[in-house]
Structures are given as structure tokens and as C-alpha cells.
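The next block holds one structure in the form of C-alpha cells; read it before the comments.
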Amino acid sequence: MRKLKNEELGRLQVTEFKDAPKTPVVLILDNVRSLHNVGSVFRSADAFRVEKIYLCGITATPPHKDIRKTALGATESVAWAYAKETGSLLDTLRGTHQIWAVEQTQGSVSLDDFQPEAGKPYAFVLGHEVKGVAQEVIDKCQGVVEIPQLGTKHSLNISVAAGVVLWDFWVKTSGKKTSREPGTKRSTE
């Protein structure tokens, strides 16, 4: 095996990314305090070509050096908007998106049992690093998806949770294989 060079990865330019078809999902960050987490979520959103990120409440917005440090340019490719009130944003998105909080609640759906419908737009709400998604926001969601965890902490960093949920959503809705056969070449479409 040989590590691939950046020019072999078939990466899109920012202008190509903006014109490319998007995965029908938006991420909503509900009062996320860490600028590094915000930047990392932008990178995951770029990797899975999400439609948009909504930054709500106290969540910082680009441009900011600490967001840029982890986003590595993804704030330029991924569409984003600021919303002061997460609940009001959910009221607006309700007509167009299935809205799911990523949280641990009574009656939550385990991520492995979550079956999103391909082609339908979804919104995932991720919350504050300590307090999680606010209850009044959960009350406005159609459901709650929970990432199974076996350790002692029973929580994941928000940026890790975003990546896990995006990967799961992409695998379940894209209709594409998730791995390459040994010895096959990477597509550069």
C-alpha cells in the first residue's frame, strides 16, 4: 500500500463543491460553545457535502481564527447561516425537513435502528458540549437519535457525534458502497 497524494484524491475545488449535488441534510448547532468543535463540524459537513449548517444561540460564526484552525477552509465551501433562536429555526424547517435531535432521551431511536428515507431532507440538531440539546428544542423535533455507547462517559464530543451521524446517514441513504475492493483504484470522478 502507498499513501495517496492530495492531488490523487479527486477533491473538488470550492466552486465545484458549491455547484455539486448535496446530501439532503442540514446540521443545526444548538448553543455550541467550542470554536474548535464548530470548525470540526464544518470539516465533516464538507466531507459529506451537506446542504447547510445553522449556527444557533451562543454558537460562534466564521470568520474566526479558532474556527478556521480546525475547519481548514470548509467555512468557504459549506453554506451556513446564523439563527438566534434554535426553536424558531426548527419551526421554519419543519415544512421541508425531518428534524431529529442527536441526544440521549427516553424513547430515543438507536442510530443502528434509525432508517432515514433516501432522497428526503433531514436536519440533525447537536447541542451544547455539557448540557446537550435543550429540552425545548427536543420538544420541537420529530424524533431523537442516540449513538450507542459502551464506555463510562456516555457522551461523545459534538464534532465526533456529527461525523458519526453524517456517516451513518450517508451510508443508509446514498446507495453507494462504503468500501473499495482490495486492489481497486480510487475513483476520481
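We label chains A, B, ... in the order they appear in the C-alpha cells, count residues from 1 in each chain, and number ligands from 1 in the order shown.
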
Legend entry - Contacts of Thr92 (chain A) at 12 Å (only C-alpha atoms; same-chain gap of 5+ positions) as a ChimeraX atom specification: /A:83,85-87,97-99,123,140

Inset, instruction - Measuring atom to atom with only C-alpha atoms, identify which of A:Ile67, A:Val171, A:Val102, A:Val130 is nearest to Gly143 (chain A). - result: A:Val102

Residues near Pro24 (chain A), cut-off 10 Å, only C-alpha atoms, skip fewer than 5 positions along chain, as an mmCIF file with N, CA, C and O atoms, in the first residue's frame:
data_model
loop_
_atom_site.group_PDB
_atom_site.id
_atom_site.type_symbol
_atom_site.label_atom_id
_atom_site.label_comp_id
_atom_site.auth_asym_id
_atom_site.auth_seq_id
_atom_site.Cartn_x
_atom_site.Cartn_y
_atom_site.Cartn_z
ATOM 1 N N ARG A 49 -20.644 16.574 2.105
ATOM 2 C CA ARG A 49 -21.300 17.515 1.202
ATOM 3 C C ARG A 49 -22.720 17.858 1.653
ATOM 4 O O ARG A 49 -23.678 17.757 0.891
ATOM 5 N N VAL A 50 -22.858 18.265 2.915
ATOM 6 C CA VAL A 50 -24.181 18.619 3.441
ATOM 7 C C VAL A 50 -24.667 19.930 2.832
ATOM 8 O O VAL A 50 -23.882 20.741 2.341
ATOM 9 N N GLU A 51 -25.975 20.118 2.888
ATOM 10 C CA GLU A 51 -26.589 21.321 2.318
ATOM 11 C C GLU A 51 -26.172 22.589 3.063
ATOM 12 O O GLU A 51 -25.854 23.592 2.440
ATOM 13 N N LYS A 52 -26.216 22.528 4.411
ATOM 14 C CA LYS A 52 -26.018 23.762 5.166
ATOM 15 C C LYS A 52 -25.808 23.448 6.644
ATOM 16 O O LYS A 52 -26.270 22.426 7.131
ATOM 17 N N HIS A 97 -38.076 19.603 6.211
ATOM 18 C CA HIS A 97 -37.106 18.631 6.715
ATOM 19 C C HIS A 97 -37.682 17.772 7.831
ATOM 20 O O HIS A 97 -38.499 18.248 8.624
ATOM 21 N N ALA A 118 -34.281 7.644 1.857
ATOM 22 C CA ALA A 118 -33.400 8.200 0.838
ATOM 23 C C ALA A 118 -34.119 9.289 0.056
ATOM 24 O O ALA A 118 -35.300 9.155 -0.269
ATOM 25 N N GLY A 119 -33.404 10.370 -0.215
ATOM 26 C CA GLY A 119 -33.950 11.464 -1.006
ATOM 27 C C GLY A 119 -34.749 12.479 -0.220
ATOM 28 O O GLY A 119 -35.048 13.555 -0.726
ATOM 29 N N LYS A 120 -35.122 12.161 1.013
ATOM 30 C CA LYS A 120 -35.876 13.110 1.843
ATOM 31 C C LYS A 120 -34.897 13.945 2.667
ATOM 32 O O LYS A 120 -33.919 13.420 3.186
ATOM 33 N N PRO A 121 -35.160 15.245 2.808
ATOM 34 C CA PRO A 121 -34.249 16.093 3.572
ATOM 35 C C PRO A 121 -34.421 15.939 5.091
ATOM 36 O O PRO A 121 -35.542 15.860 5.590
ATOM 37 N N TYR A 122 -33.286 15.891 5.764
ATOM 38 C CA TYR A 122 -33.247 15.747 7.218
ATOM 39 C C TYR A 122 -32.450 16.892 7.837
ATOM 40 O O TYR A 122 -31.568 17.463 7.191
ATOM 41 N N ALA A 123 -32.761 17.177 9.081
ATOM 42 C CA ALA A 123 -31.996 18.129 9.878
ATOM 43 C C ALA A 123 -31.638 17.434 11.187
ATOM 44 O O ALA A 123 -32.502 16.820 11.820
ATOM 45 N N PHE A 169 -25.909 8.381 8.101
ATOM 46 C CA PHE A 169 -26.938 8.887 7.188
ATOM 47 C C PHE A 169 -26.518 8.662 5.739
ATOM 48 O O PHE A 169 -27.292 8.184 4.917
ATOM 49 N N TRP A 170 -25.272 8.988 5.425
ATOM 50 C CA TRP A 170 -24.771 8.845 4.056
ATOM 51 C C TRP A 170 -24.804 7.387 3.612
ATOM 52 O O TRP A 170 -25.251 7.080 2.521
ATOM 53 N N THR A 173 -28.465 6.253 3.007
ATOM 54 C CA THR A 173 -29.288 6.927 2.001
ATOM 55 C C THR A 173 -28.631 7.110 0.647
ATOM 56 O O THR A 173 -29.328 7.384 -0.336
ATOM 57 N N SER A 174 -27.328 6.958 0.546
ATOM 58 C CA SER A 174 -26.657 7.261 -0.726
ATOM 59 C C SER A 174 -26.762 6.145 -1.750
ATOM 60 O O SER A 174 -26.624 6.390 -2.944
#

Find the residues near region 69-71 of chain A: any atom within 12 Å, counting only C-alpha atoms, skip ones fewer than 3 places away on the same chain, and give them as a CSV table (one decimal) with N, CA, C and O atoms, in the first residue's frame.
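Final output, saved to selection39.csv:
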chain,number,residue,atom,x,y,z
A,34,SER,N,-17.6,25.6,21.9
A,34,SER,CA,-16.3,25.5,21.4
A,34,SER,C,-16.1,25.8,20.0
A,34,SER,O,-16.7,25.2,19.1
A,35,LEU,N,-15.2,26.8,19.7
A,35,LEU,CA,-14.9,27.2,18.3
A,35,LEU,C,-14.3,26.1,17.6
A,35,LEU,O,-14.5,25.9,16.4
A,36,HIS,N,-13.4,25.3,18.2
A,36,HIS,CA,-12.8,24.2,17.6
A,36,HIS,C,-13.8,23.1,17.2
A,36,HIS,O,-13.7,22.5,16.1
A,37,ASN,N,-14.8,22.9,18.0
A,37,ASN,CA,-15.9,22.0,17.6
A,37,ASN,C,-16.7,22.5,16.4
A,37,ASN,O,-17.0,21.7,15.5
A,38,VAL,N,-16.9,23.8,16.4
A,38,VAL,CA,-17.6,24.3,15.2
A,38,VAL,C,-16.8,24.1,14.0
A,38,VAL,O,-17.4,23.7,12.9
A,39,GLY,N,-15.5,24.4,14.0
A,39,GLY,CA,-14.7,24.2,12.9
A,39,GLY,C,-14.6,22.7,12.4
A,39,GLY,O,-14.7,22.4,11.2
A,40,SER,N,-14.6,21.8,13.4
A,40,SER,CA,-14.5,20.4,13.1
A,40,SER,C,-15.8,19.9,12.4
A,40,SER,O,-15.8,19.1,11.5
A,41,VAL,N,-17.0,20.5,12.9
A,41,VAL,CA,-18.3,20.1,12.3
A,41,VAL,C,-18.3,20.6,10.8
A,41,VAL,O,-18.8,19.9,9.9
A,42,PHE,N,-17.7,21.8,10.6
A,42,PHE,CA,-17.6,22.3,9.2
A,42,PHE,C,-16.8,21.3,8.3
A,42,PHE,O,-17.2,21.0,7.2
A,43,ARG,N,-15.8,20.7,8.8
A,43,ARG,CA,-15.0,19.8,8.1
A,43,ARG,C,-15.8,18.5,7.8
A,43,ARG,O,-15.7,18.0,6.6
A,44,SER,N,-16.5,18.0,8.7
A,44,SER,CA,-17.3,16.8,8.5
A,44,SER,C,-18.4,17.1,7.5
A,44,SER,O,-18.7,16.3,6.6
A,45,ALA,N,-19.0,18.3,7.6
A,45,ALA,CA,-20.1,18.7,6.7
A,45,ALA,C,-19.5,18.8,5.3
A,45,ALA,O,-20.2,18.4,4.3
A,46,ASP,N,-18.3,19.3,5.1
A,46,ASP,CA,-17.7,19.3,3.8
A,46,ASP,C,-17.5,17.9,3.3
A,46,ASP,O,-17.8,17.6,2.1
A,47,ALA,N,-17.0,17.0,4.1
A,47,ALA,CA,-16.7,15.6,3.7
A,47,ALA,C,-17.9,14.9,3.2
A,47,ALA,O,-17.8,14.2,2.2
A,61,THR,N,-19.6,32.2,14.9
A,61,THR,CA,-19.7,32.1,13.4
A,61,THR,C,-18.4,32.5,12.8
A,61,THR,O,-17.6,33.2,13.4
A,62,PRO,N,-18.2,32.0,11.6
A,62,PRO,CA,-17.0,32.4,10.9
A,62,PRO,C,-17.2,33.9,10.5
A,62,PRO,O,-18.3,34.4,10.4
A,63,PRO,N,-16.1,34.6,10.2
A,63,PRO,CA,-14.7,34.1,10.3
A,63,PRO,C,-14.2,34.3,11.7
A,63,PRO,O,-14.5,35.3,12.4
A,64,HIS,N,-13.5,33.3,12.2
A,64,HIS,CA,-12.8,33.3,13.5
A,64,HIS,C,-11.6,32.4,13.4
A,64,HIS,O,-11.7,31.3,12.9
A,65,LYS,N,-10.5,32.9,13.9
A,65,LYS,CA,-9.3,32.1,13.7
A,65,LYS,C,-9.4,30.7,14.4
A,65,LYS,O,-8.8,29.8,13.8
A,66,ASP,N,-10.1,30.5,15.5
A,66,ASP,CA,-10.2,29.2,16.1
A,66,ASP,C,-11.1,28.3,15.3
A,66,ASP,O,-10.9,27.1,15.4
A,74,ALA,N,-13.2,24.7,5.2
A,74,ALA,CA,-14.5,24.2,5.0
A,74,ALA,C,-15.6,25.3,5.2
A,74,ALA,O,-16.7,25.2,4.7
A,75,THR,N,-15.2,26.4,5.9
A,75,THR,CA,-16.2,27.5,6.0
A,75,THR,C,-16.4,28.2,4.7
A,75,THR,O,-17.4,29.0,4.6
A,76,GLU,N,-15.5,28.0,3.8
A,76,GLU,CA,-15.7,28.6,2.4
A,76,GLU,C,-16.5,27.7,1.5
A,76,GLU,O,-17.1,28.2,0.6
A,77,SER,N,-16.5,26.4,1.8
A,77,SER,CA,-17.3,25.5,0.9
A,77,SER,C,-18.7,25.2,1.4
A,77,SER,O,-19.6,25.2,0.6
A,78,VAL,N,-18.9,25.1,2.7
A,78,VAL,CA,-20.2,24.7,3.2
A,78,VAL,C,-21.0,25.9,3.5
A,78,VAL,O,-20.5,26.9,4.2
A,159,SER,N,-18.4,17.2,17.8
A,159,SER,CA,-17.8,17.1,16.4
A,159,SER,C,-17.7,15.6,16.0
A,159,SER,O,-17.9,15.2,14.9

Write out as a tab-separated table the residues of region 69-123 of chain A that have any atom within 12 Å of an atom of region 144-150 of chain A, one row each with the nearest atom pair and its distance in Å to one decimal, counting only C-alpha atoms, sorted by chain and then rising number.
residue	atom	partner	partner_atom	distance
A:Gln98	CA	A:Val144	CA	10.9
A:Ile99	CA	A:Val144	CA	8.6
A:Trp100	CA	A:Val144	CA	5.2
A:Ala101	CA	A:Val144	CA	4.7
A:Val102	CA	A:Val145	CA	5.1
A:Glu103	CA	A:Glu146	CA	5.4
A:Gln104	CA	A:Glu146	CA	5.5
A:Thr105	CA	A:Val144	CA	7.2
A:Gln106	CA	A:Val144	CA	9.0
A:Gly107	CA	A:Val144	CA	7.7
A:Ser108	CA	A:Val144	CA	4.9
A:Val109	CA	A:Val145	CA	4.8
A:Ser110	CA	A:Glu146	CA	4.9
A:Leu111	CA	A:Ile147	CA	5.2
A:Asp112	CA	A:Ile147	CA	7.9
A:Asp113	CA	A:Val145	CA	9.0
A:Phe114	CA	A:Val145	CA	7.0
A:Gln115	CA	A:Val145	CA	10.3
A:Pro116	CA	A:Val145	CA	10.9
A:Ala123	CA	A:Val144	CA	11.2

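The space between CA of Lys3 (chain A) and CA of Asn157 (chain A) spans 28.3 Å.
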
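Residue nearest Lys18 (chain A), chosen from A:Ala79, A:Leu166, A:Val32, A:Ala161 and counting only C-alpha atoms: A:Ala79.
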